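Source file protein_8.txt; content: compact mmCIF, C-alpha atoms.
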```
# COMPACT_ATOMS: atom_id res chain seq x y z
CA MET A 1 -9.92 7.19 -24.77
CA GLU A 2 -10.09 10.98 -24.72
CA ARG A 3 -11.93 10.93 -21.40
CA LEU A 4 -9.38 8.55 -19.88
CA GLN A 5 -6.51 10.73 -21.11
CA ALA A 6 -8.21 13.74 -19.57
CA ALA A 7 -8.49 11.87 -16.27
CA ILE A 8 -4.79 10.99 -16.40
CA GLU A 9 -3.85 14.61 -17.03
CA LYS A 10 -6.10 15.70 -14.16
CA ALA A 11 -4.45 13.24 -11.77
CA ARG A 12 -1.01 14.35 -12.95
CA THR A 13 -1.82 18.00 -12.30
CA ARG A 14 -3.30 17.12 -8.90
CA ARG A 15 -0.05 15.43 -7.80
CA GLN A 16 2.09 18.36 -9.00
CA ASP A 17 0.02 21.15 -7.50
CA ALA A 18 -1.20 19.20 -4.44
CA PRO A 19 -4.54 21.00 -4.07
CA LYS A 20 -7.42 19.73 -1.96
CA ARG A 21 -8.64 16.53 -3.60
CA ALA A 22 -12.18 15.72 -4.54
CA SER A 23 -14.21 13.58 -2.18
CA LEU A 24 -13.05 9.98 -1.83
CA THR A 25 -16.43 8.86 -3.07
CA GLN A 26 -16.38 10.80 -6.34
CA PRO A 27 -14.63 9.02 -9.27
CA ASP A 28 -12.92 11.06 -11.97
CA SER A 29 -13.55 8.67 -14.88
CA PRO A 30 -16.65 6.83 -16.14
CA GLN A 31 -17.59 4.00 -13.80
CA ILE A 32 -18.04 1.57 -16.66
CA GLY A 33 -14.40 2.06 -17.69
CA VAL A 34 -13.22 1.52 -14.13
CA GLU A 35 -15.25 -1.68 -13.83
CA THR A 36 -13.72 -2.99 -17.05
CA ALA A 37 -10.21 -2.16 -15.88
CA TRP A 38 -10.68 -4.02 -12.60
CA ASN A 39 -12.40 -7.02 -14.15
CA SER A 40 -9.58 -7.34 -16.69
CA LEU A 41 -6.93 -7.88 -14.01
CA ALA A 42 -5.72 -11.44 -13.48
CA SER A 43 -6.91 -12.85 -10.16
CA PHE A 44 -4.94 -14.85 -7.60
CA ALA A 45 -5.64 -17.15 -4.68
CA VAL A 46 -3.61 -18.12 -1.62
CA HIS A 47 -3.05 -21.76 -0.76
CA GLY A 48 -4.21 -22.83 2.68
CA SER A 49 -0.83 -24.32 3.64
CA LYS A 50 0.79 -20.90 3.37
CA LEU A 51 -1.66 -18.98 5.55
CA ARG A 52 -0.29 -19.74 9.02
CA LYS A 53 3.27 -20.20 7.81
CA ASN A 54 3.29 -16.68 6.36
CA ARG A 55 1.17 -15.21 9.20
CA LEU A 56 -1.75 -14.40 6.93
CA VAL A 57 -4.17 -14.36 9.85
CA ALA A 58 -6.60 -11.91 8.22
CA PHE A 59 -7.45 -14.35 5.43
CA GLU A 60 -10.79 -15.02 7.11
CA SER A 61 -12.74 -12.76 9.43
CA GLY A 62 -12.62 -13.65 13.12
CA ALA A 63 -10.63 -13.03 16.27
CA ASP A 64 -7.24 -13.52 14.57
CA ALA A 65 -8.13 -11.00 11.87
CA GLY A 66 -9.41 -8.49 14.43
CA PRO A 67 -6.23 -6.39 14.80
CA TYR A 68 -5.86 -5.99 11.04
CA ASP A 69 -9.54 -5.23 10.56
CA MET A 70 -9.22 -2.59 13.28
CA LEU A 71 -6.15 -1.15 11.56
CA ARG A 72 -8.04 -1.09 8.25
CA THR A 73 -10.92 0.80 9.82
CA ARG A 74 -8.68 3.31 11.56
CA MET A 75 -6.78 3.92 8.33
CA LEU A 76 -10.07 4.52 6.50
CA GLN A 77 -11.27 6.92 9.16
CA GLN A 78 -8.07 8.95 9.06
CA ALA A 79 -8.06 8.96 5.26
CA GLN A 80 -11.63 10.17 5.03
CA LYS A 81 -11.15 12.77 7.74
CA ASN A 82 -8.08 14.28 6.07
CA ASP A 83 -8.94 13.54 2.42
CA TRP A 84 -5.93 11.25 2.03
CA ARG A 85 -5.69 8.63 -0.69
CA ARG A 86 -2.05 7.51 -0.74
CA ILE A 87 -0.59 5.85 2.34
CA ALA A 88 2.99 4.61 2.73
CA ILE A 89 3.85 1.95 5.31
CA VAL A 90 7.35 2.54 6.70
CA SER A 91 9.44 1.43 9.68
CA PRO A 92 12.62 2.59 11.39
CA HIS A 93 14.40 -0.72 10.69
CA SER A 94 13.75 -4.15 9.20
CA GLY A 95 11.75 -6.79 11.03
CA CYS A 96 8.89 -4.52 12.14
CA GLY A 97 6.30 -6.39 10.08
CA LYS A 98 5.53 -3.90 7.30
CA THR A 99 5.16 -6.49 4.58
CA THR A 100 3.20 -8.94 6.73
CA THR A 101 0.88 -6.08 7.63
CA ALA A 102 0.47 -5.08 3.97
CA ALA A 103 -0.29 -8.70 3.06
CA ASN A 104 -2.94 -9.03 5.76
CA LEU A 105 -4.48 -5.73 4.70
CA VAL A 106 -5.05 -7.28 1.26
CA PHE A 107 -7.55 -9.68 2.84
CA SER A 108 -8.95 -7.19 5.33
CA PHE A 109 -9.69 -4.62 2.62
CA SER A 110 -11.13 -7.33 0.35
CA ARG A 111 -13.97 -7.70 2.87
CA GLN A 112 -14.72 -3.97 2.54
CA LYS A 113 -16.68 -4.63 -0.64
CA ASP A 114 -17.86 -1.04 -1.15
CA MET A 115 -14.37 0.32 -1.83
CA ARG A 116 -11.39 -0.47 -4.02
CA CYS A 117 -7.81 -0.55 -2.78
CA ILE A 118 -4.44 -0.95 -4.54
CA ILE A 119 -1.44 -2.21 -2.55
CA LEU A 120 1.98 -1.85 -4.20
CA ASP A 121 5.29 -3.32 -3.08
CA LEU A 122 7.73 -0.46 -3.56
CA ASP A 123 10.46 -2.06 -1.45
CA LEU A 124 12.27 -2.58 -4.73
CA ARG A 125 15.41 -4.05 -3.17
CA ARG A 126 13.76 -7.37 -2.33
CA VAL A 127 10.93 -9.73 -3.14
CA GLY A 128 8.80 -9.17 -0.06
CA LEU A 129 5.05 -8.98 -0.56
CA GLY A 130 5.06 -11.55 -3.35
CA LYS A 131 6.88 -14.02 -1.14
CA VAL A 132 4.45 -13.57 1.77
CA LEU A 133 1.46 -13.96 -0.56
CA ASP A 134 3.20 -16.89 -2.30
CA GLN A 135 2.81 -15.32 -5.74
CA LYS A 136 5.42 -15.36 -8.50
CA THR A 137 5.21 -12.81 -11.28
CA LYS A 138 7.07 -12.45 -14.56
CA TYR A 139 7.75 -8.77 -13.90
CA GLY A 140 8.19 -6.49 -10.90
CA MET A 141 7.00 -3.02 -9.96
CA ALA A 142 10.27 -1.61 -11.28
CA ASP A 143 9.24 -2.81 -14.74
CA VAL A 144 5.89 -1.03 -14.34
CA LEU A 145 7.53 2.21 -13.19
CA GLU A 146 10.01 2.05 -16.08
CA ARG A 147 7.14 1.39 -18.52
CA ARG A 148 8.48 -1.97 -19.68
CA VAL A 149 5.11 -3.51 -18.82
CA SER A 150 1.73 -1.97 -18.09
CA PHE A 151 0.13 -2.16 -14.67
CA ALA A 152 -2.85 -3.85 -16.35
CA ASP A 153 -0.63 -6.71 -17.51
CA HIS A 154 1.31 -6.97 -14.23
CA ALA A 155 -1.15 -6.43 -11.39
CA LEU A 156 -3.07 -9.23 -9.67
CA ARG A 157 -6.56 -8.91 -8.24
CA TYR A 158 -7.79 -10.51 -5.04
CA GLY A 159 -11.53 -10.79 -4.90
CA THR A 160 -13.30 -7.98 -6.70
CA ASN A 161 -11.83 -4.88 -5.07
CA VAL A 162 -8.14 -5.27 -4.13
CA ALA A 163 -5.24 -5.17 -6.59
CA VAL A 164 -1.58 -5.77 -5.79
CA GLY A 165 1.67 -4.95 -7.56
CA LEU A 166 4.49 -7.32 -6.59
CA ASN A 167 8.21 -7.77 -7.24
CA ASN A 168 9.99 -10.72 -8.80
CA ALA A 169 13.61 -9.62 -8.24
CA PRO A 170 15.57 -6.73 -6.70
CA ALA A 171 15.70 -3.62 -8.89
CA SER A 172 19.05 -2.28 -10.03
CA ASN A 173 18.32 1.40 -9.35
CA PRO A 174 15.56 1.63 -6.72
CA SER A 175 16.44 5.01 -5.23
CA GLU A 176 16.71 6.81 -8.56
CA LEU A 177 13.57 5.14 -9.86
CA LEU A 178 11.41 5.97 -6.83
CA GLN A 179 12.27 9.66 -6.92
CA SER A 180 11.89 10.04 -10.69
CA ALA A 181 9.23 12.13 -12.40
CA GLN A 182 8.28 9.07 -14.44
CA THR A 183 7.31 7.17 -11.28
CA ARG A 184 5.12 10.10 -10.29
CA ASP A 185 3.43 10.00 -13.69
CA VAL A 186 2.92 6.23 -13.71
CA LEU A 187 1.27 6.31 -10.29
CA ALA A 188 -1.01 9.12 -11.46
CA GLU A 189 -2.01 7.05 -14.48
CA ILE A 190 -2.78 4.00 -12.33
CA GLU A 191 -4.84 6.13 -9.97
CA ALA A 192 -6.77 7.67 -12.84
CA ALA A 193 -7.49 4.37 -14.59
CA TYR A 194 -8.54 2.32 -11.54
CA GLN A 195 -9.94 5.01 -9.21
CA PRO A 196 -9.04 3.30 -5.90
CA LYS A 197 -10.18 4.97 -2.73
CA LEU A 198 -6.81 4.09 -1.23
CA MET A 199 -3.36 3.32 -2.61
CA ILE A 200 -1.05 1.69 -0.05
CA PHE A 201 2.70 1.42 -0.56
CA ASP A 202 4.92 -1.08 1.24
CA MET A 203 8.18 0.88 1.52
CA PRO A 204 11.74 -0.03 2.64
CA PRO A 205 12.88 0.62 6.23
CA LEU A 206 13.84 4.26 6.76
CA MET A 207 17.33 3.47 8.02
CA SER A 208 18.26 1.06 5.23
CA SER A 209 18.50 3.47 2.29
CA ASP A 210 17.43 6.83 0.89
CA ASP A 211 14.55 5.30 -1.09
CA ASN A 212 11.86 6.84 1.11
CA TYR A 213 13.32 10.33 1.01
CA GLY A 214 12.86 10.60 -2.73
CA PHE A 215 9.43 8.99 -2.80
CA LEU A 216 7.37 10.07 0.22
CA LYS A 217 6.59 13.42 -1.40
CA ASN A 218 4.27 11.40 -3.66
CA VAL A 219 2.04 10.19 -0.80
CA ASP A 220 -0.42 11.92 1.50
CA CYS A 221 0.75 10.29 4.71
CA ALA A 222 2.84 7.47 6.17
CA LEU A 223 2.05 4.85 8.79
CA ILE A 224 5.06 3.95 10.94
CA MET A 225 5.44 0.33 12.08
CA ALA A 226 7.45 -0.37 15.25
CA GLU A 227 8.51 -3.72 16.71
CA ALA A 228 7.71 -4.37 20.36
CA ASP A 229 10.76 -5.12 22.53
CA ASN A 230 13.11 -4.15 19.70
CA THR A 231 12.32 -0.69 18.30
CA THR A 232 13.47 1.99 20.75
CA ILE A 233 11.62 5.18 21.60
CA GLU A 234 14.53 7.11 20.09
CA GLN A 235 14.12 5.23 16.79
CA ILE A 236 10.39 5.94 16.73
CA ASP A 237 11.01 9.65 17.44
CA GLN A 238 13.60 9.80 14.69
CA ALA A 239 11.28 8.05 12.25
CA GLU A 240 8.46 10.47 13.06
CA ARG A 241 10.74 13.46 12.47
CA GLN A 242 12.01 12.06 9.18
CA VAL A 243 8.53 11.27 7.89
CA ALA A 244 7.13 14.63 9.05
CA GLU A 245 9.72 16.41 6.91
CA LEU A 246 8.37 14.67 3.81
CA THR A 247 4.65 14.01 4.38
CA ASN A 248 2.01 13.63 7.09
CA VAL A 249 2.39 11.09 9.89
CA MET A 250 -0.78 8.98 10.00
CA GLY A 251 0.26 7.24 13.20
CA VAL A 252 2.49 4.63 14.80
CA VAL A 253 1.58 0.93 15.07
CA LEU A 254 3.25 -1.19 17.75
CA ASN A 255 3.56 -4.61 16.16
CA LYS A 256 4.38 -8.03 17.64
CA CYS A 257 2.93 -6.96 20.98
CA ARG A 258 1.28 -9.81 22.87
CA TYR A 259 -1.02 -9.29 25.82
CA ASN A 260 -3.86 -10.95 27.67
CA ASP A 261 -6.71 -8.79 28.91
CA GLY A 262 -7.37 -11.16 31.82
CA VAL A 263 -11.09 -11.33 31.09
CA TYR A 264 -11.85 -12.67 27.65
CA GLY A 265 -8.48 -14.22 26.99
CA TYR A 266 -7.94 -12.38 23.69
CA GLU A 267 -4.27 -12.26 22.80
```

As structure tokens, how would this structure be written, given the file I've shared?
Amino acid sequence: MERLQAAIEKARTRRQDAPKRASLTQPDSPQIGVETAWNSLASFAVHGSKLRKNRLVAFESGADAGPYDMLRTRMLQQAQKNDWRRIAIVSPHSGCGKTTTAANLVFSFSRQKDMRCIILDLDLRRVGLGKVLDQKTKYGMADVLERRVSFADHALRYGTNVAVGLNNAPASNPSELLQSAQTRDVLAEIEAAYQPKLMIFDMPPLMSSDDNYGFLKNVDCALIMAEADNTTIEQIDQAERQVAELTNVMGVVLNKCRYNDGVYGYE
């Protein structure tokens, strides 16, 4: 217990002072404790009838999962190159596919057996990721951040190496909660206890509220999702400027873009 508390305090100090982090491959707490924490999480499965309906194309490896597997690999490369651990997924407006992308990354990262990943739905104004994954929970991430329930009792595990934190109802005070010092501390405690190589946050659209502005200081970078044929260049530029004021821009993903290469017929 003393060693775990020390790890929590170390993570808390690291978030406040923002120094260069230790290597992504070096855990801060005893591996046996981390294994126990992960194995204690309740597991979940996705029913086959929901896969295509909810666009969960990365459920199995193959051509359909290719774009998400490529995104996973690029995210890992950027994270390792820059020593980033916390990644927010944002978009200029709704409908860009943030939550669908986060859901597919659950399955894509689950195939990366040598690393652990935590994906949290911090779009606290709606039930997004849980709906796409077809999972109903008694509590939401707001309850975790307000310490009404522990992450250990709320989180669900897919496979052996991916954990998710979902929502069951809109929160009453999302903006205030996301920018609170308590949220910062709770995330540090989760990071210390489970030692993920990456923590990914599904965030609200930038233009919908001020939720991101109070929270993005807690992450290392943000990935911006844009919708083909709908998101304008001006909106992407504005999103990049807004994110850059708060954290690092990992990149921009053009989603819902269909093409045919004329040779292999991949689309």

Near Gly66 of chain A, counting all atoms listed in the file, which residues have an atom at most 12 Å away, once you skip same-chain residues fewer than 5 positions from it, shown as a VMD selection string? chain A and resid 57 to 61 71 to 73 104 to 105 107 to 108 266 to 267

Measuring between all atoms listed in the file, which one of A:Val132, A:Leu187, A:Gly95, A:Gln182 shows the shortest distance to Phe151 of chain A?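 The closest residue to Phe151 of chain A is A:Leu187.
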
For Asp202 of chain A, the nearest of the candidates A:Val253, A:Val149, A:Ala45, A:Leu120, counting all atoms listed in the file: A:Leu120

Sorted by chain and rising residue number, list the residues of segment 23-90 of chain A at most 9 Å from segment 134-146 of chain A (counting all atoms listed in the file), each with its closest atom pair and distance in Å to one decimal, as JSON lines.
```
{"residue": "A:Phe44", "atom": "CA", "partner": "A:Gln135", "partner_atom": "CA", "distance": 8.0}
{"residue": "A:Ala45", "atom": "CA", "partner": "A:Gln135", "partner_atom": "CA", "distance": 8.7}
{"residue": "A:Val46", "atom": "CA", "partner": "A:Asp134", "partner_atom": "CA", "distance": 7.0}
{"residue": "A:His47", "atom": "CA", "partner": "A:Asp134", "partner_atom": "CA", "distance": 8.1}
{"residue": "A:Lys50", "atom": "CA", "partner": "A:Asp134", "partner_atom": "CA", "distance": 7.4}
{"residue": "A:Asn54", "atom": "CA", "partner": "A:Asp134", "partner_atom": "CA", "distance": 8.7}
```

Restrict the selected residues to C-alpha atoms and save them as a compact mmCIF listing (two decimals), in the frame of the given file.
```txt
# COMPACT_ATOMS: atom_id res chain seq x y z
CA PHE A 44 -4.94 -14.85 -7.60
CA ALA A 45 -5.64 -17.15 -4.68
CA VAL A 46 -3.61 -18.12 -1.62
CA HIS A 47 -3.05 -21.76 -0.76
CA LYS A 50 0.79 -20.90 3.37
CA ASN A 54 3.29 -16.68 6.36
```

What's the separation between atom CA of Asn255 of chain A and atom CA of Ala102 of chain A, in Å to one decimal place?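 Straight-line distance from atom CA of Asn255 of chain A to atom CA of Ala102 of chain A works out to 12.6 Å.
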
Please provide the set of residues having any atom within 12 Å of Met199 of chain A, restricted to all atoms listed in the file, with same-chain residues fewer than 3 positions apart removed, written as a ChimeraX atom specification. /A:24,75-76,79,84-89,102,105-106,109,115-122,162-165,187-188,190-192,194-196,202,218-222

Atom CA of Ala226 of chain A to atom CA of Pro205 of chain A: how many Å, to one decimal?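 Interatomic distance here is 10.6 Å.
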
Nearby residues, (16.9, 8.1, -7.4) file frame, 12 Å, all atoms listed in the file, as an MDAnalysis selection string: chainID A and resid 124 171:183 209:215

Atom CA of Cys257 of chain A and atom CA of Asn230 of chain A are how many Å apart?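 If I compute the distance from atom CA of Cys257 of chain A to atom CA of Asn230 of chain A, I get 10.6 Å.
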
Distance criterion (all atoms listed in the file): nearest to Asn161 of chain A out of A:Asp83, A:Asp114, A:Asp229, A:Glu234: A:Asp114

Counting only C-alpha atoms, the option among A:Arg157, A:Arg52, A:Lys113, A:Arg258 closest to Ala228 of chain A: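 Smallest distance to Ala228 of chain A is found for A:Arg258.
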
List the residues sitting within 8 Å of (11.6, -13.1, -5.8) in the file's frame, using only C-alpha atoms, as JSON, numbers by chain. {"A": [126, 127, 128, 130, 131, 136, 167, 168, 169, 170]}

Just write the chosen residues, C-alpha atoms, as a tab-separated table (two decimals), keeping the file's coordinate frame.
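This is the output file out_3.tsv:
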```tsv
chain	number	residue	atom	x	y	z
A	126	ARG	CA	13.76	-7.37	-2.33
A	127	VAL	CA	10.93	-9.73	-3.14
A	128	GLY	CA	8.80	-9.17	-0.06
A	130	GLY	CA	5.06	-11.55	-3.35
A	131	LYS	CA	6.88	-14.02	-1.14
A	136	LYS	CA	5.42	-15.36	-8.50
A	167	ASN	CA	8.21	-7.77	-7.24
A	168	ASN	CA	9.99	-10.72	-8.80
A	169	ALA	CA	13.61	-9.62	-8.24
A	170	PRO	CA	15.57	-6.73	-6.70
```

Identify which of the residues A:Gln77, A:Ala65, A:Met225, A:Ala37 lies closest to Thr99 of chain A, counting only C-alpha atoms when measuring atom-to-atom distances. A:Met225
